[in-house]
>>> print(open('upload.tsv').read())   # TSV, C-alpha atoms
chain	number	residue	atom	x	y	z
A	16	MET	CA	259.92	79.39	145.28
A	17	ALA	CA	260.63	79.73	148.87
A	18	CYS	CA	258.54	80.92	151.72
A	19	PHE	CA	258.71	83.67	154.26
A	20	GLY	CA	258.81	83.02	158.00
A	21	VAL	CA	259.66	85.42	160.82
A	22	ARG	CA	262.72	87.61	160.36
A	23	ILE	CA	262.45	87.30	156.62
A	24	PHE	CA	260.96	90.53	155.43
A	25	ALA	CA	263.61	92.78	156.96
A	26	SER	CA	264.57	93.76	153.43
A	27	LEU	CA	261.02	94.62	152.36
A	28	PRO	CA	258.85	97.57	153.43
A	29	TRP	CA	255.71	97.02	155.48
A	30	LEU	CA	252.74	96.44	153.26
A	31	VAL	CA	249.39	94.75	153.07
A	32	ILE	CA	248.57	93.36	149.64
A	33	PRO	CA	245.03	92.52	148.55
A	34	ARG	CA	244.34	88.83	148.22
A	35	ARG	CA	245.16	87.23	144.89
A	36	ARG	CA	243.82	83.68	144.75
A	37	GLY	CA	243.91	83.81	148.57
A	38	ALA	CA	247.48	85.03	149.10
A	39	ALA	CA	248.26	88.01	151.35
A	40	LEU	CA	251.41	89.51	152.76
A	41	LEU	CA	250.75	90.30	156.43
A	42	GLY	CA	252.57	93.05	158.29
A	43	GLY	CA	255.71	92.60	156.21
A	44	LEU	CA	256.64	89.57	158.33
A	45	LEU	CA	254.56	86.59	157.26
A	46	LEU	CA	253.17	85.57	153.91
A	47	ALA	CA	249.95	83.60	154.12
A	48	GLY	CA	249.87	81.15	151.22
A	49	ILE	CA	247.02	80.66	148.89
A	50	GLY	CA	244.71	77.73	149.18
A	51	ALA	CA	245.38	74.55	147.27
A	52	PRO	CA	243.99	74.43	143.72
A	53	LEU	CA	240.21	74.45	143.85
A	54	VAL	CA	238.47	71.11	143.61
A	55	ALA	CA	235.32	71.53	141.60
A	56	ALA	CA	232.32	69.34	142.26
A	57	PRO	CA	230.93	68.75	138.77
A	58	ALA	CA	231.80	65.59	136.92
A	59	PRO	CA	234.45	65.81	134.23
A	60	PRO	CA	233.30	66.41	130.67
A	61	ALA	CA	232.32	63.22	128.93
A	62	PRO	CA	235.08	62.14	126.57
A	63	SER	CA	234.21	62.45	122.94
A	64	ALA	CA	234.01	59.39	120.77
A	65	LYS	CA	236.05	60.82	117.92
A	66	SER	CA	237.55	57.54	116.98
A	67	THR	CA	237.47	54.00	118.29
A	68	ALA	CA	239.31	52.48	115.39
A	69	LEU	CA	242.72	50.99	115.90
A	70	PRO	CA	245.57	53.18	114.75
A	71	SER	CA	247.49	52.25	111.68
A	72	ALA	CA	249.59	49.12	112.00
A	73	LYS	CA	252.43	50.90	110.22
A	74	PRO	CA	255.66	50.32	112.14
A	75	THR	CA	256.59	53.23	114.37
A	76	ALA	CA	260.00	54.73	115.00
A	77	LEU	CA	259.22	55.36	118.67
A	78	PRO	CA	260.98	52.84	120.94
A	79	VAL	CA	260.42	52.26	124.62
A	80	ALA	CA	262.73	54.85	126.13
A	81	LYS	CA	265.10	54.14	128.98
A	82	PRO	CA	264.36	56.00	132.24
A	83	THR	CA	266.07	59.34	132.62
A	84	ALA	CA	268.43	59.87	135.52
A	85	ALA	CA	265.85	62.14	137.16
A	86	LEU	CA	263.27	59.36	137.29
A	87	GLN	CA	265.52	56.65	138.70
A	88	GLY	CA	265.07	55.96	142.40
A	89	TYR	CA	262.12	56.78	144.65
A	90	ALA	CA	261.88	57.44	148.37
A	91	HIS	CA	258.50	55.74	148.82
A	92	ASN	CA	257.80	52.05	148.26
A	93	GLU	CA	254.36	52.63	146.76
A	94	THR	CA	255.82	54.89	144.09
A	95	ALA	CA	258.57	52.46	143.15
A	96	SER	CA	256.04	49.61	143.13
A	97	LEU	CA	253.76	51.48	140.72
A	98	VAL	CA	256.64	52.19	138.34
A	99	ARG	CA	257.58	48.49	138.31
A	100	PHE	CA	253.91	47.61	137.75
A	101	VAL	CA	253.70	49.84	134.66
A	102	GLU	CA	257.08	48.66	133.38
A	103	GLN	CA	255.93	45.02	133.66
A	104	ALA	CA	252.72	45.85	131.80
A	105	ALA	CA	254.72	47.58	129.06
A	106	ALA	CA	256.96	44.54	128.78
A	107	ASP	CA	253.86	42.34	128.46
A	108	ILE	CA	252.49	44.51	125.64
A	109	ALA	CA	255.89	44.51	123.91
A	110	ALA	CA	255.89	40.69	124.05
A	111	ARG	CA	252.22	39.79	123.50
A	112	GLY	CA	250.74	42.93	122.02
A	113	GLU	CA	247.00	43.44	122.15
A	114	GLY	CA	246.61	39.96	123.65
A	115	SER	CA	247.55	41.54	126.99
A	116	PHE	CA	244.47	43.73	127.09
A	117	ASP	CA	241.99	41.08	128.26
A	118	ASP	CA	244.32	40.14	131.09
A	119	PHE	CA	244.54	43.79	132.18
A	120	ARG	CA	240.73	43.84	132.55
A	121	ARG	CA	240.36	40.56	134.46
A	122	PRO	CA	239.12	41.04	138.06
A	123	GLY	CA	241.20	39.17	140.60
A	124	GLY	CA	244.15	38.93	138.23
A	125	PRO	CA	247.60	40.40	138.79
A	126	TRP	CA	246.75	43.57	136.88
A	127	LEU	CA	243.54	44.65	138.63
A	128	GLU	CA	243.23	45.02	142.37
A	129	GLY	CA	241.32	47.65	144.34
A	130	ASP	CA	242.20	51.17	143.20
A	131	ARG	CA	245.13	49.94	141.14
A	132	TYR	CA	244.42	49.24	137.49
A	133	LEU	CA	246.04	49.79	134.10
A	134	PHE	CA	244.83	52.00	131.31
A	135	VAL	CA	245.99	51.75	127.69
A	136	TRP	CA	245.70	54.47	125.03
A	137	ASP	CA	247.36	55.15	121.72
A	138	LEU	CA	249.24	58.39	121.10
A	139	GLU	CA	246.23	59.93	119.37
A	140	GLY	CA	244.22	59.67	122.59
A	141	ASN	CA	242.12	56.61	121.69
A	142	ARG	CA	241.51	54.45	124.74
A	143	TYR	CA	241.49	50.63	124.62
A	144	VAL	CA	241.68	49.49	128.24
A	145	TYR	CA	239.90	51.08	131.22
A	146	PRO	CA	238.78	48.45	133.77
A	147	PRO	CA	236.75	50.81	136.04
A	148	ASP	CA	234.20	51.35	133.23
A	149	ILE	CA	234.49	48.66	130.58
A	150	GLU	CA	231.06	49.54	129.17
A	151	HIS	CA	232.40	52.97	128.12
A	152	GLU	CA	235.99	51.89	127.72
A	153	THR	CA	236.71	52.92	124.16
A	154	GLY	CA	236.65	56.37	122.60
A	155	ASN	CA	238.98	59.28	122.14
A	156	GLN	CA	240.06	60.81	125.45
A	157	LEU	CA	242.40	63.52	124.18
A	158	GLU	CA	240.14	66.32	125.46
A	159	MET	CA	239.54	64.63	128.82
A	160	GLN	CA	239.81	67.00	131.80
A	161	ASP	CA	239.99	66.54	135.53
A	162	PHE	CA	237.63	68.13	138.05
A	163	THR	CA	239.43	71.48	137.87
A	164	GLY	CA	239.63	71.64	134.06
A	165	ARG	CA	243.19	70.35	133.89
A	166	ALA	CA	243.87	68.91	130.41
A	167	VAL	CA	244.66	65.39	131.59
A	168	GLY	CA	244.17	63.69	128.23
A	169	ARG	CA	246.68	65.88	126.46
A	170	MET	CA	249.11	65.75	129.38
A	171	LEU	CA	249.13	61.93	129.37
A	172	VAL	CA	249.73	61.77	125.61
A	173	GLU	CA	252.41	64.48	125.74
A	174	GLN	CA	254.29	62.72	128.51
A	175	ALA	CA	254.28	59.38	126.70
A	176	SER	CA	255.25	61.11	123.44
A	177	SER	CA	258.17	62.97	125.02
A	178	ASP	CA	261.82	62.12	124.40
A	179	ALA	CA	261.88	60.26	127.72
A	180	GLY	CA	258.88	58.17	126.63
A	181	ARG	CA	257.65	57.98	130.21
A	182	GLY	CA	256.91	60.09	133.24
A	183	TRP	CA	254.35	61.39	135.73
A	184	VAL	CA	251.10	63.30	135.28
A	185	HIS	CA	249.25	64.81	138.28
A	186	TYR	CA	245.54	65.61	138.38
A	187	GLN	CA	242.42	65.40	140.55
A	188	TRP	CA	240.24	62.33	140.17
A	189	ARG	CA	237.75	60.16	142.01
A	190	ARG	CA	238.63	56.77	143.41
A	191	THR	CA	237.05	53.72	141.85
A	192	ASN	CA	234.98	53.29	145.04
A	193	ARG	CA	231.70	54.84	143.94
A	194	ASP	CA	230.73	55.58	147.57
A	195	ASP	CA	233.59	58.05	147.82
A	196	ARG	CA	232.84	60.89	145.43
A	197	ARG	CA	235.61	63.23	146.58
A	198	PRO	CA	238.10	64.14	143.88
A	199	VAL	CA	241.63	63.77	145.24
A	200	TRP	CA	245.09	64.20	143.80
A	201	LYS	CA	246.19	61.30	141.64
A	202	SER	CA	249.68	60.79	140.21
A	203	SER	CA	249.82	58.52	137.16
A	204	TYR	CA	252.94	57.03	135.62
A	205	VAL	CA	252.81	56.36	131.88
A	206	MET	CA	255.15	54.65	129.42
A	207	ARG	CA	255.30	54.45	125.66
A	208	VAL	CA	255.50	50.95	124.23
A	209	THR	CA	255.39	49.39	120.78
A	210	ALA	CA	253.49	46.12	120.33
A	211	PRO	CA	254.61	43.36	117.90
A	212	SER	CA	251.89	44.63	115.56
A	213	GLY	CA	253.86	47.86	115.17
A	214	ARG	CA	251.19	49.89	116.94
A	215	THR	CA	252.39	52.29	119.62
A	216	TYR	CA	250.55	52.69	122.90
A	217	LEU	CA	250.85	54.39	126.22
A	218	VAL	CA	250.22	52.24	129.29
A	219	GLY	CA	249.81	53.72	132.73
A	220	SER	CA	248.55	53.42	136.26
A	221	GLY	CA	248.15	55.83	139.15
A	222	LEU	CA	248.31	56.41	142.88
A	223	TYR	CA	245.69	58.36	144.80
A	224	GLU	CA	246.96	60.91	147.32
A	225	SER	CA	250.51	59.70	146.79
A	226	PRO	CA	253.46	61.28	148.61
A	227	ILE	CA	255.46	63.78	146.59
A	228	GLU	CA	258.76	62.45	145.28
A	229	LYS	CA	261.85	64.42	144.34
A	230	ALA	CA	261.54	62.85	140.90
A	231	PHE	CA	258.17	64.60	140.44
A	232	VAL	CA	259.79	67.95	141.21
A	233	VAL	CA	262.80	67.39	138.95
A	234	GLN	CA	260.57	66.34	136.06
A	235	GLU	CA	258.50	69.54	136.25
A	236	VAL	CA	261.47	71.87	136.77
A	237	ASP	CA	263.19	70.30	133.76
A	238	ALA	CA	260.00	70.69	131.71
A	239	ALA	CA	259.69	74.33	132.80
A	240	ALA	CA	263.34	74.93	131.91
A	241	GLU	CA	262.81	73.48	128.44
A	242	LEU	CA	259.77	75.72	127.96
A	243	LEU	CA	261.76	78.80	129.04
A	244	GLU	CA	264.58	77.81	126.68
A	245	ARG	CA	262.10	77.80	123.79
A	246	GLN	CA	259.81	80.69	124.70
A	247	GLY	CA	261.60	82.90	127.21
A	248	ARG	CA	259.30	85.12	129.26
A	249	ALA	CA	256.41	84.22	126.97
A	250	ALA	CA	256.29	80.95	128.96
A	251	PHE	CA	255.31	82.74	132.20
A	252	PRO	CA	251.51	82.39	131.77
A	253	ALA	CA	251.86	78.62	131.35
A	254	LEU	CA	254.01	78.43	134.48
A	255	ARG	CA	251.38	80.37	136.47
A	256	ASP	CA	248.38	78.41	135.18
A	257	PRO	CA	246.66	76.67	138.16
A	258	ARG	CA	245.20	74.16	135.70
A	259	GLY	CA	248.51	73.43	134.00
A	260	ARG	CA	251.14	70.82	134.74
A	261	PHE	CA	253.41	73.08	136.78
A	262	TRP	CA	251.18	73.41	139.85
A	263	PHE	CA	250.05	70.21	141.59
A	264	HIS	CA	249.56	69.15	145.21
A	265	GLU	CA	251.65	71.77	147.06
A	266	THR	CA	254.28	71.99	144.33
A	267	TYR	CA	254.57	74.98	142.03
A	268	VAL	CA	257.27	76.41	139.78
A	269	PHE	CA	258.93	79.76	140.45
A	270	VAL	CA	261.34	81.83	138.34
A	271	ASP	CA	263.95	84.34	139.57
A	272	THR	CA	266.59	86.49	137.95
A	273	PRO	CA	270.21	85.93	139.08
A	274	GLN	CA	269.91	89.29	140.88
A	275	GLY	CA	267.05	87.99	143.02
A	276	GLU	CA	263.95	89.45	141.38
A	277	GLU	CA	261.00	87.07	141.65
A	278	LEU	CA	259.39	86.92	138.21
A	279	VAL	CA	256.97	84.00	138.64
A	280	ASN	CA	255.37	82.63	141.80
A	281	PRO	CA	251.76	81.49	141.31
A	282	ALA	CA	251.30	80.39	144.93
A	283	PHE	CA	252.60	83.64	146.47
A	284	ALA	CA	251.88	86.04	143.64
A	285	SER	CA	252.27	89.17	145.81
A	286	VAL	CA	256.06	88.80	145.71
A	287	GLU	CA	256.27	88.81	141.93
A	288	GLY	CA	258.28	91.78	140.73
A	289	ARG	CA	260.13	92.18	144.06
A	290	ASN	CA	263.79	91.63	144.78
A	291	ILE	CA	264.01	88.98	147.49
A	292	LEU	CA	267.73	88.23	147.36
A	293	GLY	CA	268.20	89.32	150.98
A	294	LEU	CA	265.28	87.26	152.26
A	295	ARG	CA	266.00	84.94	155.20
A	296	ASP	CA	263.88	82.11	156.55
A	297	ALA	CA	262.76	81.70	160.17
A	298	GLU	CA	266.18	80.29	161.10
A	299	GLY	CA	268.03	83.17	159.47
A	300	ARG	CA	269.09	81.20	156.41
A	301	PRO	CA	269.57	83.35	153.26
A	302	MET	CA	267.73	80.77	151.19
A	303	VAL	CA	267.18	82.82	148.01
A	304	LYS	CA	270.84	83.78	147.79
A	305	GLU	CA	271.83	80.14	148.45
A	306	TYR	CA	269.67	78.57	145.77
A	307	ILE	CA	270.53	81.24	143.20
A	308	ASP	CA	274.25	80.80	143.93
A	309	GLN	CA	273.88	77.03	143.55
A	310	ALA	CA	272.07	77.30	140.23
A	311	MET	CA	274.54	79.83	138.86
A	312	ARG	CA	277.66	77.94	139.99
A	313	ARG	CA	276.60	74.33	139.48
A	314	GLY	CA	273.78	74.57	136.96
A	315	SER	CA	271.28	72.77	139.22
A	316	GLY	CA	270.89	71.35	142.71
A	317	TRP	CA	268.86	70.99	145.90
A	318	THR	CA	268.51	73.23	148.94
A	319	THR	CA	266.40	73.09	152.12
A	320	TYR	CA	264.88	75.94	154.14
A	321	LEU	CA	261.72	76.95	156.03
A	322	TRP	CA	258.71	78.25	154.10
A	323	PRO	CA	254.88	78.28	154.59
A	324	ARG	CA	252.72	75.87	152.65
A	325	PRO	CA	250.53	77.40	149.90
A	326	ASP	CA	247.36	76.57	151.86
A	327	GLY	CA	246.80	79.78	153.81
A	328	SER	CA	248.80	78.70	156.87
A	329	ARG	CA	251.47	81.00	158.24
A	330	THR	CA	253.72	78.47	159.92
A	331	PRO	CA	257.02	77.93	158.10
A	332	VAL	CA	257.82	74.25	157.54
A	333	ARG	CA	260.81	72.54	156.02
A	334	LYS	CA	260.84	72.64	152.22
A	335	THR	CA	263.32	70.98	149.88
A	336	THR	CA	263.71	72.81	146.58
A	337	TYR	CA	265.35	71.92	143.27
A	338	VAL	CA	266.67	74.77	141.12
A	339	ARG	CA	268.14	74.94	137.64
A	340	ARG	CA	269.85	77.64	135.59
A	341	VAL	CA	268.33	78.29	132.18
A	342	GLN	CA	269.03	80.59	129.24
A	343	THR	CA	266.19	82.00	127.17
A	344	PRO	CA	266.28	82.49	123.37
A	345	ASP	CA	267.18	86.16	123.78
A	346	GLY	CA	270.16	85.29	125.99
A	347	GLU	CA	268.61	86.10	129.37
A	348	THR	CA	269.74	83.87	132.25
A	349	LEU	CA	267.05	82.80	134.73
A	350	VAL	CA	266.75	80.45	137.70
A	351	VAL	CA	263.74	78.12	137.74
A	352	GLY	CA	262.79	75.90	140.66
A	353	ALA	CA	260.13	74.01	142.61
A	354	GLY	CA	260.02	72.09	145.86
A	355	LEU	CA	258.31	69.66	148.18
A	356	TYR	CA	257.31	70.16	151.80
A	357	GLU	CA	257.97	67.83	154.71
A	358	PRO	CA	255.00	65.49	155.37
>>> encode(input="upload.tsv", output="structure tokens")
Amino acid sequence: MACFGVRIFASLPWLVIPRRRGAALLGGLLLAGIGAPLVAAPAPPAPSAKSTALPSAKPTALPVAKPTAALQGYAHNETASLVRFVEQAAADIAARGEGSFDDFRRPGGPWLEGDRYLFVWDLEGNRYVYPPDIEHETGNQLEMQDFTGRAVGRMLVEQASSDAGRGWVHYQWRRTNRDDRRPVWKSSYVMRVTAPSGRTYLVGSGLYESPIEKAFVVQEVDAAAELLERQGRAAFPALRDPRGRFWFHETYVFVDTPQGEELVNPAFASVEGRNILGLRDAEGRPMVKEYIDQAMRRGSGWTTYLWPRPDGSRTPVRKTTYVRRVQTPDGETLVVGAGLYEP
């Protein structure tokens, strides 16, 4: 959602709310955000070796999908470069099939350099290429989790299996440098591709501690909107889940009613159930009213305002938020959104 700076709780009574995952509303004026998602120290669960056999060579009906409008164009060169890298690898698989895999593993080649490498799975979660650990390369990774318990394996397969056939997955992982054991945020881009053999794979690569792109935000808001369209309010627990797809880096999904009631806000949970339509940011901007009006009139769009980061700090910073109007199965209209903070 948005964030509260000075002059923004004029419409709310004074209150002090007990911490919920670190969030507290202080003096009715400032909302201290929660800390970033916890980074656990233990190693991720070892992937199970359910199956290392190649999937059936039966021709598949899944083509390589064209990029959606939301995923075209990036503000950061490293993001655009990674997308091109994965697209080139997918083109190589489409042309040469499994013959590409040895090249993907070759040190010093065009596909393996430093922290940047390719991984190849099928859509059942079986892994075929993983250069950082060739000795344990194969096996089924569908139940693979990151260091916080995020279901990375399923998220990667679901993204490649989606109608778009491509997209981003965000999780916490260690760099390939074994001297640096800190798990950090990693954003991986995956694509679905069909080899000449008829076998369908996902190919991907990732960036460590990458800057947040508007395309990341749009992808997750659109996914949240689709979930709300199918499940209505029953989708709220998934939207709040700190180990789910909708909360990564400093980005989280929020849901409001057109009247301004905040229904979902996992980073600032103390405002859930409150009407914040009259809320203004530190510059006096009626940001909630503005983004709700935009979603209701135009269907979707961007807005910018001041709001604290969800890290416990109280200083409002500039945040750019994407919102979208959605209708649930029972006919309820909601506004769903998420945003990115200035660097």
>>> atom_distance(input="upload.tsv", atom1="CA of Met311 (chain A)", atom2="CA of Phe231 (chain A)")
22.4 Å
>>> closest_residue(input="upload.tsv", among="A:Glu347, A:Lys304, A:Ala239, A:Leu133", to="Asp117 (chain A)", atoms="only C-alpha atoms")
A:Leu133
>>> atom_distance(input="upload.tsv", atom1="CA of Phe119 (chain A)", atom2="CA of Tyr216 (chain A)")
14.2 Å
>>> atom_distance(input="upload.tsv", atom1="CA of Pro344 (chain A)", atom2="CA of Leu242 (chain A)")
10.5 Å
>>> closest_residue(input="upload.tsv", among="A:Gln234, A:Thr336, A:Asn155, A:Ser203", to="Ser220 (chain A)", atoms="all atoms listed in the file")
A:Ser203
>>> residues_around(input="upload.tsv", residues="region 175-187 of chain A", least_positions_apart="4", cutoff="6 Å", atoms="only C-alpha atoms", output="ChimeraX atom specification")
/A:80,161,198-207
>>> closest_residue(input="upload.tsv", among="A:Arg313, A:Ala240, A:Gly259, A:Val350", to="Gln160 (chain A)", atoms="all atoms listed in the file")
A:Gly259
>>> closest_residue(input="upload.tsv", among="A:Thr348, A:Asp194, A:Ala109, A:Val172", to="Glu139 (chain A)", atoms="all atoms listed in the file")
A:Val172
>>> residues_around(input="upload.tsv", residues="Asp130 (chain A)", least_positions_apart="5", cutoff="12 Å", atoms="all atoms listed in the file", output="CSV table (one decimal) with C-alpha atoms, keeping the file's coordinate frame")
chain,number,residue,atom,x,y,z
A,97,LEU,CA,253.8,51.5,140.7
A,122,PRO,CA,239.1,41.0,138.1
A,146,PRO,CA,238.8,48.4,133.8
A,147,PRO,CA,236.8,50.8,136.0
A,188,TRP,CA,240.2,62.3,140.2
A,189,ARG,CA,237.8,60.2,142.0
A,190,ARG,CA,238.6,56.8,143.4
A,191,THR,CA,237.0,53.7,141.8
A,192,ASN,CA,235.0,53.3,145.0
A,193,ARG,CA,231.7,54.8,143.9
A,195,ASP,CA,233.6,58.0,147.8
A,201,LYS,CA,246.2,61.3,141.6
A,220,SER,CA,248.6,53.4,136.3
A,221,GLY,CA,248.2,55.8,139.2
A,222,LEU,CA,248.3,56.4,142.9
A,223,TYR,CA,245.7,58.4,144.8
A,224,GLU,CA,247.0,60.9,147.3
>>> residues_around(input="upload.tsv", residues="Val135 (chain A)", least_positions_apart="5", cutoff="7 Å", atoms="only C-alpha atoms", output="ChimeraX atom specification")
/A:142-144,216-219
>>> write_last_selection(input="upload.tsv", atoms="C-alpha atoms", output="PDB file, keeping the file's coordinate frame")
ATOM      1  CA  ARG A 142     241.510  54.450 124.740  1.00  0.00           C
ATOM      2  CA  TYR A 143     241.490  50.630 124.620  1.00  0.00           C
ATOM      3  CA  VAL A 144     241.680  49.490 128.240  1.00  0.00           C
ATOM      4  CA  TYR A 216     250.550  52.690 122.900  1.00  0.00           C
ATOM      5  CA  LEU A 217     250.850  54.390 126.220  1.00  0.00           C
ATOM      6  CA  VAL A 218     250.220  52.240 129.290  1.00  0.00           C
ATOM      7  CA  GLY A 219     249.810  53.720 132.730  1.00  0.00           C
TER       8      GLY A 219
END
>>> closest_residue(input="upload.tsv", among="A:Gly124, A:Gly352, A:Gly164, A:Pro252", to="Asp237 (chain A)", atoms="all atoms listed in the file")
A:Gly352
>>> closest_residue(input="upload.tsv", among="A:Gly213, A:Pro358, A:Gly346, A:Pro273", to="Val332 (chain A)", atoms="only C-alpha atoms")
A:Pro358
>>> residues_around(input="upload.tsv", residues="Gly140 (chain A)", least_positions_apart="4", cutoff="8 Å", atoms="only C-alpha atoms", output="number ranges by chain")
A: 136, 155-157, 168-169, 172
>>> residues_around(input="upload.tsv", residues="Pro211 (chain A)", least_positions_apart="6", cutoff="9 Å", atoms="all atoms listed in the file", output="number ranges by chain")
A: 108-113
>>> build_atoms(input="upload.tsv", residues="region 206-220 of chain A", atoms="N, CA and C atoms", output="PDB file, in the coordinates of the input")
ATOM      1  N   MET A 206     254.029  55.050 130.263  1.00  0.00           N
ATOM      2  CA  MET A 206     255.150  54.650 129.420  1.00  0.00           C
ATOM      3  C   MET A 206     254.677  54.459 127.996  1.00  0.00           C
ATOM      4  N   ARG A 207     255.554  54.741 127.067  1.00  0.00           N
ATOM      5  CA  ARG A 207     255.300  54.450 125.660  1.00  0.00           C
ATOM      6  C   ARG A 207     255.840  53.065 125.341  1.00  0.00           C
ATOM      7  N   VAL A 208     255.077  52.308 124.577  1.00  0.00           N
ATOM      8  CA  VAL A 208     255.500  50.950 124.230  1.00  0.00           C
ATOM      9  C   VAL A 208     254.996  50.605 122.842  1.00  0.00           C
ATOM     10  N   THR A 209     255.781  49.851 122.103  1.00  0.00           N
ATOM     11  CA  THR A 209     255.390  49.390 120.780  1.00  0.00           C
ATOM     12  C   THR A 209     255.099  47.901 120.817  1.00  0.00           C
ATOM     13  N   ALA A 210     253.906  47.521 120.360  1.00  0.00           N
ATOM     14  CA  ALA A 210     253.490  46.120 120.330  1.00  0.00           C
ATOM     15  C   ALA A 210     254.104  45.426 119.108  1.00  0.00           C
ATOM     16  N   PRO A 211     254.112  44.079 119.082  1.00  0.00           N
ATOM     17  CA  PRO A 211     254.610  43.360 117.900  1.00  0.00           C
ATOM     18  C   PRO A 211     253.893  43.739 116.618  1.00  0.00           C
ATOM     19  N   SER A 212     252.643  44.209 116.734  1.00  0.00           N
ATOM     20  CA  SER A 212     251.890  44.630 115.560  1.00  0.00           C
ATOM     21  C   SER A 212     252.458  45.900 114.926  1.00  0.00           C
ATOM     22  N   GLY A 213     253.341  46.586 115.638  1.00  0.00           N
ATOM     23  CA  GLY A 213     253.860  47.860 115.170  1.00  0.00           C
ATOM     24  C   GLY A 213     253.085  49.047 115.694  1.00  0.00           C
ATOM     25  N   ARG A 214     251.982  48.803 116.373  1.00  0.00           N
ATOM     26  CA  ARG A 214     251.190  49.890 116.940  1.00  0.00           C
ATOM     27  C   ARG A 214     251.844  50.381 118.236  1.00  0.00           C
ATOM     28  N   THR A 215     251.784  51.682 118.442  1.00  0.00           N
ATOM     29  CA  THR A 215     252.390  52.290 119.620  1.00  0.00           C
ATOM     30  C   THR A 215     251.307  52.715 120.600  1.00  0.00           C
ATOM     31  N   TYR A 216     251.509  52.395 121.850  1.00  0.00           N
ATOM     32  CA  TYR A 216     250.550  52.690 122.900  1.00  0.00           C
ATOM     33  C   TYR A 216     251.224  53.426 124.043  1.00  0.00           C
ATOM     34  N   LEU A 217     250.390  53.987 124.903  1.00  0.00           N
ATOM     35  CA  LEU A 217     250.850  54.390 126.220  1.00  0.00           C
ATOM     36  C   LEU A 217     250.107  53.504 127.221  1.00  0.00           C
ATOM     37  N   VAL A 218     250.821  53.019 128.223  1.00  0.00           N
ATOM     38  CA  VAL A 218     250.220  52.240 129.290  1.00  0.00           C
ATOM     39  C   VAL A 218     250.548  52.945 130.589  1.00  0.00           C
ATOM     40  N   GLY A 219     249.576  53.003 131.488  1.00  0.00           N
ATOM     41  CA  GLY A 219     249.810  53.720 132.730  1.00  0.00           C
ATOM     42  C   GLY A 219     248.965  53.217 133.871  1.00  0.00           C
ATOM     43  N   SER A 220     249.305  53.704 135.054  1.00  0.00           N
ATOM     44  CA  SER A 220     248.550  53.420 136.260  1.00  0.00           C
ATOM     45  C   SER A 220     248.828  54.547 137.238  1.00  0.00           C
TER      46      SER A 220
END
